[in-house]
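Novice: Got a file for you: target39.tsv, TSV, C-alpha atoms and all ligand atoms.
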```
chain	number	residue	atom	x	y	z
A	1	MET	CA	-0.54	-34.71	-23.12
A	2	LYS	CA	1.53	-35.40	-20.06
A	3	ARG	CA	5.24	-34.90	-20.45
A	4	THR	CA	7.46	-37.88	-19.67
A	5	PRO	CA	8.58	-37.33	-16.11
A	6	ARG	CA	11.98	-35.67	-16.03
A	7	ASN	CA	14.00	-35.91	-12.85
A	8	GLY	CA	11.09	-37.46	-11.04
A	9	THR	CA	8.31	-35.12	-12.07
A	10	GLY	CA	6.35	-34.00	-15.12
A	11	TRP	CA	4.12	-31.18	-16.21
A	12	THR	CA	1.18	-30.91	-18.52
A	13	ILE	CA	1.88	-29.66	-22.02
A	14	PRO	CA	-1.13	-28.19	-23.88
A	15	ASN	CA	-2.63	-30.57	-26.47
A	16	GLY	CA	-1.01	-30.52	-29.87
A	17	VAL	CA	2.18	-28.83	-28.75
A	18	LYS	CA	5.26	-30.50	-30.17
A	19	LEU	CA	8.26	-30.08	-27.94
A	20	ARG	CA	11.38	-28.90	-29.74
A	21	TYR	CA	13.58	-29.14	-26.72
A	22	THR	CA	15.13	-32.51	-25.96
A	23	ALA	CA	18.05	-31.79	-23.68
A	24	PRO	CA	19.82	-34.57	-21.87
A	25	MET	CA	17.74	-35.95	-19.00
A	26	LYS	CA	20.30	-34.78	-16.52
A	27	SER	CA	23.19	-32.70	-17.80
A	28	ASN	CA	23.64	-30.94	-14.46
A	29	ARG	CA	24.24	-27.79	-16.49
A	30	ILE	CA	21.81	-25.07	-15.46
A	31	GLY	CA	21.33	-21.65	-17.05
A	32	ILE	CA	20.58	-18.64	-14.87
A	33	LEU	CA	19.35	-15.25	-16.05
A	34	THR	CA	17.88	-12.01	-14.73
A	35	GLY	CA	15.07	-10.22	-16.62
A	36	GLY	CA	13.07	-7.00	-16.37
A	37	GLY	CA	14.07	-4.02	-14.22
A	38	ASP	CA	16.90	-4.64	-11.77
A	39	ALA	CA	16.31	-4.83	-8.03
A	40	PRO	CA	18.68	-4.89	-5.06
A	41	GLY	CA	19.35	-8.55	-4.23
A	42	LEU	CA	19.66	-10.01	-7.75
A	43	ASN	CA	23.37	-10.67	-7.28
A	44	ALA	CA	22.69	-12.24	-3.89
A	45	VAL	CA	20.33	-14.76	-5.55
A	46	ILE	CA	22.89	-15.55	-8.27
A	47	ARG	CA	25.58	-16.02	-5.63
A	48	SER	CA	23.60	-18.38	-3.42
A	49	ALA	CA	22.29	-20.45	-6.36
A	50	VAL	CA	25.86	-20.84	-7.64
A	51	LYS	CA	27.33	-21.60	-4.22
A	52	TYR	CA	24.77	-24.33	-3.67
A	53	GLY	CA	24.46	-25.60	-7.25
A	54	ALA	CA	28.12	-25.50	-8.29
A	55	GLY	CA	29.82	-25.49	-4.89
A	56	THR	CA	27.80	-28.17	-3.12
A	57	LEU	CA	26.08	-30.19	-5.84
A	58	ASN	CA	28.88	-29.95	-8.42
A	59	TRP	CA	26.58	-28.67	-11.18
A	60	ARG	CA	27.79	-26.39	-13.97
A	61	MET	CA	26.03	-23.04	-13.52
A	62	VAL	CA	25.91	-20.92	-16.66
A	63	GLY	CA	25.10	-17.21	-16.50
A	64	ILE	CA	23.11	-15.88	-19.48
A	65	GLU	CA	23.64	-12.17	-20.13
A	66	ASP	CA	20.86	-9.60	-20.57
A	67	ALA	CA	17.95	-11.95	-19.92
A	68	PHE	CA	17.06	-14.15	-22.93
A	69	ASN	CA	19.04	-11.91	-25.29
A	70	GLY	CA	22.28	-13.71	-24.37
A	71	LEU	CA	20.85	-16.86	-25.96
A	72	LEU	CA	19.74	-15.08	-29.12
A	73	GLU	CA	22.94	-13.35	-30.11
A	74	SER	CA	25.80	-14.76	-32.10
A	75	PRO	CA	28.11	-15.57	-30.46
A	76	ARG	CA	25.90	-16.39	-27.48
A	77	ARG	CA	26.71	-14.40	-24.37
A	78	LEU	CA	27.06	-17.05	-21.68
A	79	ARG	CA	29.62	-17.47	-18.93
A	80	ASP	CA	30.41	-20.11	-16.38
A	81	LEU	CA	29.61	-19.05	-12.85
A	82	THR	CA	31.58	-20.53	-9.99
A	83	PRO	CA	31.58	-19.86	-6.26
A	84	ARG	CA	34.87	-18.05	-6.84
A	85	SER	CA	33.51	-15.81	-9.62
A	86	CYS	CA	30.57	-14.97	-7.37
A	87	GLN	CA	32.70	-13.77	-4.48
A	88	GLY	CA	31.79	-10.30	-3.23
A	89	LEU	CA	28.33	-10.34	-4.80
A	90	LEU	CA	26.17	-10.52	-1.68
A	91	HIS	CA	25.99	-6.79	-1.05
A	92	ARG	CA	26.39	-5.60	-4.65
A	93	GLY	CA	23.42	-3.83	-6.25
A	94	GLY	CA	22.26	-4.39	-9.85
A	95	THR	CA	22.93	-7.66	-11.65
A	96	VAL	CA	26.30	-8.86	-12.89
A	97	LEU	CA	24.46	-10.72	-15.66
A	98	GLY	CA	22.80	-7.60	-17.01
A	99	THR	CA	19.06	-7.35	-17.70
A	100	THR	CA	16.53	-5.83	-20.06
A	101	ASN	CA	12.79	-5.30	-20.28
A	102	ARG	CA	12.95	-5.17	-24.09
A	103	GLY	CA	13.82	-8.75	-24.93
A	104	ASP	CA	10.64	-10.82	-25.00
A	105	PRO	CA	11.65	-13.68	-27.34
A	106	PHE	CA	7.99	-14.22	-28.30
A	107	SER	CA	7.76	-10.63	-29.50
A	108	PHE	CA	11.34	-9.63	-30.09
A	109	PRO	CA	11.86	-5.98	-31.07
A	110	MET	CA	13.58	-5.75	-34.47
A	111	SER	CA	15.62	-2.78	-35.71
A	112	ASP	CA	12.90	-1.83	-38.24
A	113	GLY	CA	10.37	-1.30	-35.43
A	114	THR	CA	8.51	-4.59	-35.92
A	115	ALA	CA	8.42	-7.52	-33.49
A	116	THR	CA	9.02	-11.16	-34.33
A	117	ASP	CA	8.75	-14.51	-32.54
A	118	ARG	CA	12.28	-15.77	-31.81
A	119	SER	CA	11.31	-18.20	-29.06
A	120	ALA	CA	12.28	-21.26	-31.14
A	121	GLU	CA	15.81	-19.85	-31.31
A	122	VAL	CA	15.89	-19.75	-27.52
A	123	ALA	CA	14.89	-23.43	-27.45
A	124	GLU	CA	17.60	-24.28	-29.98
A	125	ALA	CA	20.21	-22.36	-27.99
A	126	VAL	CA	19.22	-24.06	-24.73
A	127	GLN	CA	19.53	-27.42	-26.45
A	128	ALA	CA	22.82	-26.59	-28.18
A	129	GLU	CA	24.32	-25.51	-24.86
A	130	GLY	CA	23.14	-28.74	-23.22
A	131	LEU	CA	21.28	-26.87	-20.53
A	132	GLU	CA	19.01	-29.03	-18.42
A	133	GLY	CA	16.86	-26.03	-17.60
A	134	LEU	CA	16.81	-22.37	-16.62
A	135	ILE	CA	16.57	-20.42	-13.38
A	136	VAL	CA	14.60	-17.32	-14.38
A	137	ILE	CA	14.90	-14.45	-11.90
A	138	GLY	CA	12.38	-11.73	-12.67
A	139	GLY	CA	9.00	-10.10	-12.20
A	140	ASP	CA	5.65	-11.12	-13.67
A	141	GLY	CA	6.67	-10.38	-17.29
A	142	THR	CA	9.83	-12.47	-17.10
A	143	GLN	CA	8.04	-15.30	-15.29
A	144	ALA	CA	5.33	-15.28	-17.99
A	145	ILE	CA	8.02	-15.63	-20.70
A	146	GLY	CA	9.63	-18.49	-18.76
A	147	LEU	CA	6.30	-20.28	-18.44
A	148	ARG	CA	5.57	-19.85	-22.15
A	149	LEU	CA	8.98	-21.26	-23.05
A	150	MET	CA	8.13	-24.27	-20.95
A	151	ASP	CA	4.59	-24.65	-22.30
A	152	GLU	CA	5.40	-24.10	-25.96
A	153	HIS	CA	8.95	-25.42	-26.26
A	154	GLY	CA	9.34	-27.69	-23.25
A	155	ILE	CA	12.23	-25.76	-21.76
A	156	PRO	CA	12.30	-26.63	-18.06
A	157	VAL	CA	12.14	-23.47	-15.97
A	158	VAL	CA	12.20	-22.56	-12.30
A	159	GLY	CA	11.25	-19.00	-11.27
A	160	VAL	CA	12.56	-16.63	-8.61
A	161	PRO	CA	10.35	-13.57	-7.93
A	162	LYS	CA	11.97	-10.16	-8.12
A	163	THR	CA	10.66	-6.61	-8.14
A	164	ILE	CA	10.90	-3.57	-5.93
A	165	ASP	CA	7.14	-3.12	-6.53
A	166	ASN	CA	6.22	-6.19	-4.40
A	167	ASP	CA	3.30	-6.77	-6.76
A	168	LEU	CA	3.76	-10.47	-7.47
A	169	ASN	CA	1.11	-12.77	-6.15
A	170	SER	CA	1.84	-15.88	-4.13
A	171	THR	CA	4.78	-14.40	-2.25
A	172	ASP	CA	4.62	-12.29	0.90
A	173	PHE	CA	7.56	-10.25	-0.34
A	174	THR	CA	9.79	-10.01	-3.37
A	175	PHE	CA	13.44	-9.19	-2.72
A	176	GLY	CA	14.33	-5.60	-3.54
A	177	PHE	CA	11.15	-4.21	-2.01
A	178	MET	CA	12.56	-3.59	1.47
A	179	SER	CA	15.63	-1.90	-0.01
A	180	ALA	CA	13.42	0.44	-2.03
A	181	VAL	CA	11.34	1.19	1.08
A	182	GLU	CA	14.50	1.95	3.04
A	183	THR	CA	15.72	4.41	0.40
A	184	ALA	CA	12.33	6.12	0.25
A	185	THR	CA	12.16	6.29	4.04
A	186	GLU	CA	15.57	7.92	4.23
A	187	ALA	CA	14.44	10.43	1.60
A	188	LEU	CA	11.40	11.25	3.74
A	189	ASP	CA	13.60	11.78	6.80
A	190	ARG	CA	15.62	14.28	4.80
A	191	LEU	CA	12.57	16.00	3.37
A	192	HIS	CA	11.12	16.41	6.87
A	193	THR	CA	13.84	18.75	8.08
A	194	THR	CA	13.80	21.01	5.04
A	195	ALA	CA	9.97	20.99	4.92
A	196	GLU	CA	9.79	22.09	8.54
A	197	SER	CA	12.38	24.83	8.05
A	198	HIS	CA	10.50	26.38	5.12
A	199	ASP	CA	6.87	25.63	6.09
A	200	ARG	CA	6.43	23.80	2.80
A	201	VAL	CA	4.35	20.93	1.52
A	202	MET	CA	6.83	18.35	0.28
A	203	LEU	CA	5.66	15.67	-2.11
A	204	LEU	CA	7.81	12.59	-2.66
A	205	GLU	CA	6.96	10.47	-5.70
A	206	VAL	CA	7.96	6.84	-5.38
A	207	MET	CA	7.90	3.90	-7.80
A	208	GLY	CA	5.61	0.88	-7.74
A	209	ARG	CA	3.92	0.79	-11.14
A	210	ASP	CA	0.20	0.16	-10.47
A	211	ALA	CA	0.78	-0.93	-6.86
A	212	GLY	CA	1.09	1.34	-3.83
A	213	TRP	CA	3.25	-0.92	-1.66
A	214	ILE	CA	6.38	1.24	-1.63
A	215	ALA	CA	4.36	4.40	-0.96
A	216	LEU	CA	2.41	2.74	1.85
A	217	TRP	CA	5.38	1.20	3.64
A	218	ALA	CA	7.70	4.18	3.20
A	219	GLY	CA	4.91	6.59	4.12
A	220	VAL	CA	4.26	4.79	7.39
A	221	ALA	CA	7.98	4.32	8.14
A	222	GLY	CA	8.81	7.93	7.26
A	223	GLY	CA	5.96	9.55	9.21
A	224	ALA	CA	4.13	10.94	6.16
A	225	ASP	CA	0.96	12.98	6.75
A	226	CYS	CA	-0.66	12.02	3.46
A	227	ILE	CA	-0.22	9.01	1.17
A	228	ALA	CA	-1.65	8.72	-2.34
A	229	ILE	CA	-1.76	5.22	-3.85
A	230	PRO	CA	-3.30	3.90	-7.08
A	231	GLU	CA	-5.63	1.57	-5.20
A	232	ILE	CA	-7.38	4.54	-3.50
A	233	PRO	CA	-8.20	7.20	-6.12
A	234	TYR	CA	-7.93	10.41	-4.13
A	235	ASP	CA	-10.04	13.48	-3.55
A	236	ALA	CA	-7.58	16.39	-3.45
A	237	ASP	CA	-10.00	18.28	-1.14
A	238	ARG	CA	-9.24	15.76	1.59
A	239	PHE	CA	-5.49	16.32	1.31
A	240	ALA	CA	-6.06	20.11	1.35
A	241	ALA	CA	-8.21	19.73	4.47
A	242	LYS	CA	-5.45	17.74	6.15
A	243	ILE	CA	-2.91	20.49	5.42
A	244	ARG	CA	-5.28	23.15	6.81
A	245	ASP	CA	-5.93	21.08	9.90
A	246	ARG	CA	-2.20	20.69	10.55
A	247	ARG	CA	-1.72	24.44	10.22
A	248	GLN	CA	-4.43	25.08	12.76
A	249	LYS	CA	-2.53	22.81	15.13
A	250	GLY	CA	0.66	24.78	14.55
A	251	ARG	CA	2.26	22.33	12.09
A	252	HIS	CA	3.07	24.48	9.08
A	253	PHE	CA	4.62	21.80	6.92
A	254	THR	CA	3.23	18.60	5.44
A	255	ILE	CA	4.85	15.48	4.00
A	256	VAL	CA	3.01	13.71	1.19
A	257	VAL	CA	4.08	10.40	-0.39
A	258	VAL	CA	2.71	9.85	-3.88
A	259	ALA	CA	2.91	6.49	-5.64
A	260	GLU	CA	3.75	6.95	-9.32
A	261	GLY	CA	0.46	5.25	-10.23
A	262	ALA	CA	-1.74	7.42	-7.98
A	263	ALA	CA	-4.44	9.61	-9.56
A	264	PRO	CA	-7.43	11.73	-8.45
A	265	HIS	CA	-10.79	10.00	-8.49
A	266	ARG	CA	-12.61	12.71	-10.38
A	267	GLY	CA	-10.07	12.74	-13.17
A	268	GLU	CA	-9.94	16.56	-13.09
A	269	ARG	CA	-6.26	16.56	-14.02
A	270	MET	CA	-4.52	13.29	-14.70
A	271	PRO	CA	-0.88	12.27	-14.80
A	272	THR	CA	0.37	11.61	-18.34
A	273	HIS	CA	1.64	8.29	-19.67
A	274	VAL	CA	5.12	7.59	-21.02
A	275	PRO	CA	6.42	4.52	-22.86
A	276	HIS	CA	7.83	1.76	-20.69
A	277	GLY	CA	9.26	-1.57	-21.81
A	278	GLN	CA	7.84	-3.31	-24.84
A	279	GLY	CA	4.60	-1.67	-25.83
A	280	THR	CA	3.66	-0.78	-22.27
A	281	LEU	CA	3.01	2.61	-20.70
A	282	ARG	CA	3.49	3.94	-17.22
A	283	LYS	CA	2.10	7.01	-15.49
A	284	SER	CA	4.32	10.06	-15.20
A	285	GLY	CA	3.88	13.19	-13.12
A	286	ALA	CA	1.75	11.84	-10.26
A	287	ALA	CA	3.35	14.11	-7.63
A	288	ASP	CA	3.25	17.19	-9.86
A	289	THR	CA	-0.43	16.51	-10.57
A	290	LEU	CA	-1.26	16.43	-6.88
A	291	ALA	CA	0.89	19.49	-6.16
A	292	HIS	CA	-1.04	21.40	-8.82
A	293	LEU	CA	-4.40	20.31	-7.40
A	294	LEU	CA	-3.32	21.43	-3.93
A	295	THR	CA	-2.23	24.87	-5.07
A	296	GLU	CA	-5.63	25.31	-6.73
A	297	ARG	CA	-7.31	24.71	-3.37
A	298	ILE	CA	-5.09	26.22	-0.73
A	299	ASP	CA	-2.34	28.80	-0.43
A	300	VAL	CA	0.68	26.52	-0.13
A	301	GLU	CA	4.23	26.38	-1.30
A	302	THR	CA	4.85	22.91	-2.71
A	303	ARG	CA	7.98	21.12	-3.87
A	304	THR	CA	8.07	17.72	-5.52
A	305	THR	CA	10.88	15.20	-5.47
A	306	VAL	CA	10.80	12.23	-7.83
A	307	LEU	CA	12.96	9.55	-6.25
A	308	GLY	CA	13.11	7.42	-9.41
A	309	HIS	CA	15.84	4.87	-9.92
A	310	LEU	CA	17.60	5.70	-6.65
A	311	GLN	CA	15.08	3.17	-5.31
A	312	ARG	CA	16.50	0.45	-7.52
A	313	GLY	CA	20.21	1.16	-7.23
A	314	GLY	CA	22.67	0.41	-4.47
A	315	SER	CA	23.14	-2.37	-1.96
A	316	PRO	CA	20.27	-4.53	-0.75
A	317	VAL	CA	19.28	-4.10	2.89
A	318	ALA	CA	19.86	-7.04	5.25
A	319	TYR	CA	16.32	-8.40	4.84
A	320	ASP	CA	16.65	-8.57	1.05
A	321	ARG	CA	20.09	-10.21	1.31
A	322	VAL	CA	18.59	-12.85	3.58
A	323	ILE	CA	15.55	-13.71	1.46
A	324	ALA	CA	17.58	-13.48	-1.77
A	325	THR	CA	20.03	-16.03	-0.34
A	326	GLN	CA	17.14	-18.30	0.65
A	327	PHE	CA	15.47	-17.88	-2.76
A	328	GLY	CA	18.64	-18.84	-4.66
A	329	VAL	CA	19.12	-21.96	-2.56
A	330	LYS	CA	15.44	-22.87	-2.92
A	331	ALA	CA	15.58	-22.53	-6.72
A	332	VAL	CA	18.42	-25.05	-6.87
A	333	GLU	CA	16.61	-27.32	-4.45
A	334	LEU	CA	13.50	-27.24	-6.69
A	335	ILE	CA	15.61	-28.31	-9.67
A	336	HIS	CA	17.30	-31.00	-7.59
A	337	ARG	CA	13.85	-32.38	-6.81
A	338	GLY	CA	12.67	-32.03	-10.42
A	339	ARG	CA	10.06	-29.40	-9.55
A	340	TRP	CA	10.20	-27.54	-12.86
A	341	GLY	CA	7.48	-24.99	-13.54
A	342	GLU	CA	7.49	-23.72	-9.96
A	343	MET	CA	8.40	-20.32	-8.58
A	344	VAL	CA	10.12	-19.83	-5.26
A	345	CYS	CA	7.99	-17.84	-2.83
A	346	LEU	CA	7.71	-16.69	0.74
A	347	SER	CA	4.50	-17.81	2.37
A	348	ALA	CA	3.78	-16.88	5.99
A	349	GLY	CA	7.52	-16.48	6.53
A	350	GLU	CA	8.40	-19.86	5.04
A	351	VAL	CA	10.40	-20.18	1.81
A	352	THR	CA	8.42	-22.56	-0.38
A	353	SER	CA	7.17	-22.68	-3.98
A	354	VAL	CA	4.05	-22.34	-6.15
A	355	PRO	CA	3.33	-23.14	-9.80
A	356	ILE	CA	4.51	-20.18	-11.91
A	357	ARG	CA	1.11	-20.28	-13.62
A	358	ASP	CA	-0.66	-19.55	-10.32
A	359	ALA	CA	1.88	-16.94	-9.30
A	360	ILE	CA	1.35	-14.79	-12.39
A	361	ALA	CA	-2.40	-15.38	-12.79
A	362	THR	CA	-3.23	-12.23	-10.86
A	363	TYR	CA	-1.43	-9.14	-9.82
A	364	ARG	CA	-1.00	-8.12	-6.16
A	365	THR	CA	-2.05	-4.59	-5.34
A	366	VAL	CA	-2.79	-3.00	-1.98
A	367	ASP	CA	-6.19	-3.97	-0.62
A	368	PRO	CA	-7.77	-0.75	0.75
A	369	THR	CA	-8.83	-2.83	3.77
A	370	ASP	CA	-5.22	-3.94	4.40
A	371	PRO	CA	-4.43	-3.80	8.13
A	372	LEU	CA	-1.50	-1.47	7.43
A	373	ILE	CA	-3.87	1.04	5.82
A	374	ALA	CA	-6.10	0.77	8.88
A	375	ALA	CA	-3.15	1.34	11.23
A	376	ALA	CA	-1.97	4.28	9.11
A	377	ARG	CA	-5.43	5.86	9.25
A	378	SER	CA	-5.46	5.32	13.02
A	379	VAL	CA	-2.33	7.42	13.41
A	380	GLY	CA	-3.87	10.18	11.32
A	381	ILE	CA	-2.45	9.52	7.84
A	382	GLU	CA	-4.79	10.83	5.13
A	383	PHE	CA	-5.23	8.70	1.98
A	384	GLY	CA	-7.53	11.10	0.17
A	385	GLY	CA	-10.35	8.60	0.01
B	401	LIG	O1	8.87	-2.53	-11.98
B	401	LIG	C1	9.93	-1.85	-11.36
B	401	LIG	C2	9.93	-0.41	-11.76
B	401	LIG	O2	11.01	0.23	-11.09
B	401	LIG	C3	8.62	0.33	-11.52
B	401	LIG	O3	8.44	0.68	-10.18
B	401	LIG	C4	8.77	1.49	-12.46
B	401	LIG	O4	7.51	1.97	-12.89
B	401	LIG	C5	9.52	0.91	-13.62
B	401	LIG	O5	10.15	-0.27	-13.15
B	401	LIG	C6	10.54	1.81	-14.23
B	401	LIG	O6	11.12	1.13	-15.29
B	401	LIG	P1	12.35	1.64	-16.15
B	401	LIG	O7	13.59	1.28	-15.40
B	401	LIG	O8	12.22	0.91	-17.43
B	401	LIG	O9	12.21	3.12	-16.26
```
As structure tokens, please, write out the structure in this file.

Specialist:
Amino acid sequence: MKRTPRNGTGWTIPNGVKLRYTAPMKSNRIGILTGGGDAPGLNAVIRSAVKYGAGTLNWRMVGIEDAFNGLLESPRRLRDLTPRSCQGLLHRGGTVLGTTNRGDPFSFPMSDGTATDRSAEVAEAVQAEGLEGLIVIGGDGTQAIGLRLMDEHGIPVVGVPKTIDNDLNSTDFTFGFMSAVETATEALDRLHTTAESHDRVMLLEVMGRDAGWIALWAGVAGGADCIAIPEIPYDADRFAAKIRDRRQKGRHFTIVVVAEGAAPHRGERMPTHVPHGQGTLRKSGAADTLAHLLTERIDVETRTTVLGHLQRGGSPVAYDRVIATQFGVKAVELIHRGRWGEMVCLSAGEVTSVPIRDAIATYRTVDPTDPLIAAARSVGIEFGG
């Protein structure tokens, strides 16, 4: 079934799906929310979308608090956003709307430990508030929820990609990534001086989930000697050999960047898993695992630093402020042109859009043949495989 074109366009609704959402054709009242883990630049997107939507196009922009949760609570947690209320947001880290990675309305966590489908309540709330559609700023999980709300309830949605992990397909970069890389690079600069003073092997564990982008970029920018990423299961012998080789050349310290998802290829000692979000797990202890494997092979003094949420907090770097501003404007432009169901993206340096469905179909990890890996190997960085 093809949906009646709204604002000049339409999208295909799966057969048999009855739409519950019948908002006014054009209420010029748009909801905006942030979902999943925060990332530097979220506020910059909110600001630019509001400045363009409310300031230039005279729309009502409505902020929804804590992702979809703000629509599910009674009273609903919504607030009008105006260019004035968004003053001073460009450089501010976090999200003024709040966020959560435990609020999937299709599998909403209940207090008794069970999960229930509350997505119809979201549709009812969107309709009751007279929202023409939603700007959903988030990573793959949040975009998938937005798409499902559109497919199953007909709620018009436009996506804006966010994550420090840079693991979303169809966009060259997500905002937040460069800020995380900058923080990790600064940490490496600091670790260098103390490593050199003590002749130690310093391991820095960085975030990234199952993707090694932060480790790769920060490792190259921070002059790491070894980088361990999930996409290249490592042989600890190779890292030990690199440390020995450096010693022979008179370099008695070594800097190792370890992505949180990295693991040895032989599985001799694996990082553990800890709960993350709704029913998901993430690896824990990647740097400690490698440190242990090194001490089994070579007489070294190791220290590990887990950078953690320092990578997510604080102000966005200039690059993230710039693309976040462009992304917010583009999201409003997509709505203006009736391009619901699309996600803003950066393609070969140009801000454009792709269907959300395509954007979340696959996950973007580091290709071991990536030119940056090749360049890193050329300057002597060891990947362990
Ligand atoms: O997806 C962003 C991210 O920061 C990952 O790099 C990391 O694994 C995870 O979120 C941490 O999530 P939380 O804030 O729930 O601990």

Novice: Out of A:Arg303, A:Arg118, A:Lys283, A:His198, which residue has the shortest atom-to-atom distance to ligand LIG 401 (chain B) when counting all atoms listed in the file?

Specialist: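 Selected residue with least distance to ligand LIG 401 (chain B): A:Lys283.
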
Novice: Could you build a table of the residues in chain A lying no more than 8 Å from ligand LIG 401 (chain B), giving for each the nearest pair of atoms and their separation in Å rounded to one decimal place, using only C-alpha atoms and all ligand atoms, ordered by chain and ascending residue number, as CSV?

Specialist:
```
residue,atom,partner,partner_atom,distance
A:Gly36,CA,B:LIG401,O1,7.5
A:Gly37,CA,B:LIG401,O7,5.5
A:Asp38,CA,B:LIG401,C1,7.5
A:Ala39,CA,B:LIG401,C1,7.8
A:Asn101,CA,B:LIG401,O8,6.9
A:Gly139,CA,B:LIG401,O1,7.6
A:Thr163,CA,B:LIG401,C1,5.8
A:Ile164,CA,B:LIG401,C1,5.8
A:Asp165,CA,B:LIG401,O3,5.4
A:Val206,CA,B:LIG401,O3,7.8
A:Met207,CA,B:LIG401,O3,4.0
A:Gly208,CA,B:LIG401,O3,3.7
A:Arg209,CA,B:LIG401,O4,4.2
A:Asp210,CA,B:LIG401,O4,7.9
A:Glu260,CA,B:LIG401,O4,7.2
A:His276,CA,B:LIG401,O8,5.5
A:Gly277,CA,B:LIG401,O8,5.8
A:Arg282,CA,B:LIG401,O4,6.2
A:Lys283,CA,B:LIG401,O4,7.8
A:Gly308,CA,B:LIG401,O2,7.7
A:His309,CA,B:LIG401,O2,6.8
A:Gln311,CA,B:LIG401,O2,7.7
A:Arg312,CA,B:LIG401,O2,6.6
```

Novice: Could you tell me how far atom CA of Val136 of chain A sits from atom CA of Asp320 of chain A, in Å to one decimal place?

Specialist: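 The value is 17.9 Å.
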
Novice: Which residue, A:Ala228, A:Ser353, A:Leu310, A:Pro156, has the smallest gap to Thr289 of chain A when you use only C-alpha atoms?

Specialist: A:Ala228

Novice: Pick the closest to Leu204 of chain A from A:Thr302, A:Thr142, A:Ser107, A:Thr171: which is it, counting all atoms listed in the file?

Specialist: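 Comparing A:Thr302, A:Thr142, A:Ser107, A:Thr171 against Leu204 of chain A, the winner is A:Thr302.
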
Novice: Quick one: of A:Ile46, A:Met150, A:Leu33, A:Met202, who's nearest to Gly70 of chain A, counting all atoms listed in the file?

Specialist: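 Selected residue with least distance to Gly70 of chain A: A:Leu33.
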
Novice: Contacts of Val256 of chain A at 9 Å or less, counting all atoms listed in the file, minus same-chain residues fewer than 3 places along, as an mmCIF file with C-alpha atoms, in the coordinates of the input?

Specialist:
```cif
data_model
loop_
_atom_site.group_PDB
_atom_site.id
_atom_site.type_symbol
_atom_site.label_atom_id
_atom_site.label_comp_id
_atom_site.auth_asym_id
_atom_site.auth_seq_id
_atom_site.Cartn_x
_atom_site.Cartn_y
_atom_site.Cartn_z
ATOM 1 C CA VAL A 201 4.350 20.930 1.520
ATOM 2 C CA MET A 202 6.830 18.350 0.280
ATOM 3 C CA LEU A 203 5.660 15.670 -2.110
ATOM 4 C CA LEU A 204 7.810 12.590 -2.660
ATOM 5 C CA GLU A 205 6.960 10.470 -5.700
ATOM 6 C CA GLY A 219 4.910 6.590 4.120
ATOM 7 C CA ALA A 224 4.130 10.940 6.160
ATOM 8 C CA ASP A 225 0.960 12.980 6.750
ATOM 9 C CA CYS A 226 -0.660 12.020 3.460
ATOM 10 C CA ILE A 227 -0.220 9.010 1.170
ATOM 11 C CA ALA A 228 -1.650 8.720 -2.340
ATOM 12 C CA PHE A 239 -5.490 16.320 1.310
ATOM 13 C CA ALA A 287 3.350 14.110 -7.630
#
```

Novice: What does the distance from atom CA of Ala324 of chain A to atom CA of Ser48 of chain A come to in Å, to one decimal?

Specialist: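 Distance reported for this atom pair: 7.9 Å.
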
Novice: I'd like the box whose edges run along x, y and z of the file and which contains every listed atom of segment 351-369 of chain A, padded by 6 Å per side; could you state its centre and edge lengths in Å, one decimal, as AutoDock Vina command-line options?

Specialist:
```
--center_x 0.8 --center_y -11.9 --center_z -4.9 --size_x 31.2 --size_y 34.4 --size_z 29.4
```

Novice: So, counting only C-alpha atoms, which residue among A:Thr185, A:Thr295, A:Thr352, A:Ser347 is closest to Ala221 of chain A?

Specialist: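 Smallest separation from Ala221 of chain A among the options: A:Thr185.
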
Novice: Figure out the distance between atom CA of Ala180 of chain A and atom CA of Arg246 of chain A, please, to one decimal in Å.

Specialist: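 We find that atom CA of Arg246 of chain A and atom CA of Ala180 of chain A lie 28.5 Å from each other.
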
Novice: Please, which residues are within 12 Å of (11.9, -22.2, 2.2) by the file's coordinates, counting all atoms listed in the file, and could they come as a list in words?

Specialist: Thr171, Val322, Ile323, Ala324, Thr325, Gln326, Phe327, Gly328, Val329, Lys330, Ala331, Val332, Glu333, Leu334, Met343, Val344, Cys345, Leu346, Ser347, Ala348, Gly349, Glu350, Val351, Thr352, Ser353 and Val354 of chain A

Novice: Which residue gives the smallest distance to Leu294 of chain A among A:Ile360, A:Ile229, A:Ala262, A:Ala236, with only C-alpha atoms counted?

Specialist: A:Ala236

Novice: Within 6 Å of (5.9, -3.4, -0.9) (coordinates as in the file), grab all the protein and nucleic acid residues, counting all atoms listed in the file, and write them out as a list in words.

Specialist: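 Applying the cut-off with all atoms listed in the file, one gets Asp165, Asn166, Phe177, Trp213 and Ile214 of chain A.
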
Novice: How close does segment 162-233 of chain A get to segment 372-375 of chain A? List, as a tab-separated table, each residue of segment 162-233 of chain A within 10 Å, its nearest atom pair and the distance in Å to one decimal, counting only C-alpha atoms.

Specialist:
```
residue	atom	partner	partner_atom	distance
A:Leu216	CA	A:Ile373	CA	7.6
A:Trp217	CA	A:Leu372	CA	8.3
A:Val220	CA	A:Leu372	CA	8.5
A:Ile227	CA	A:Ile373	CA	9.9
```
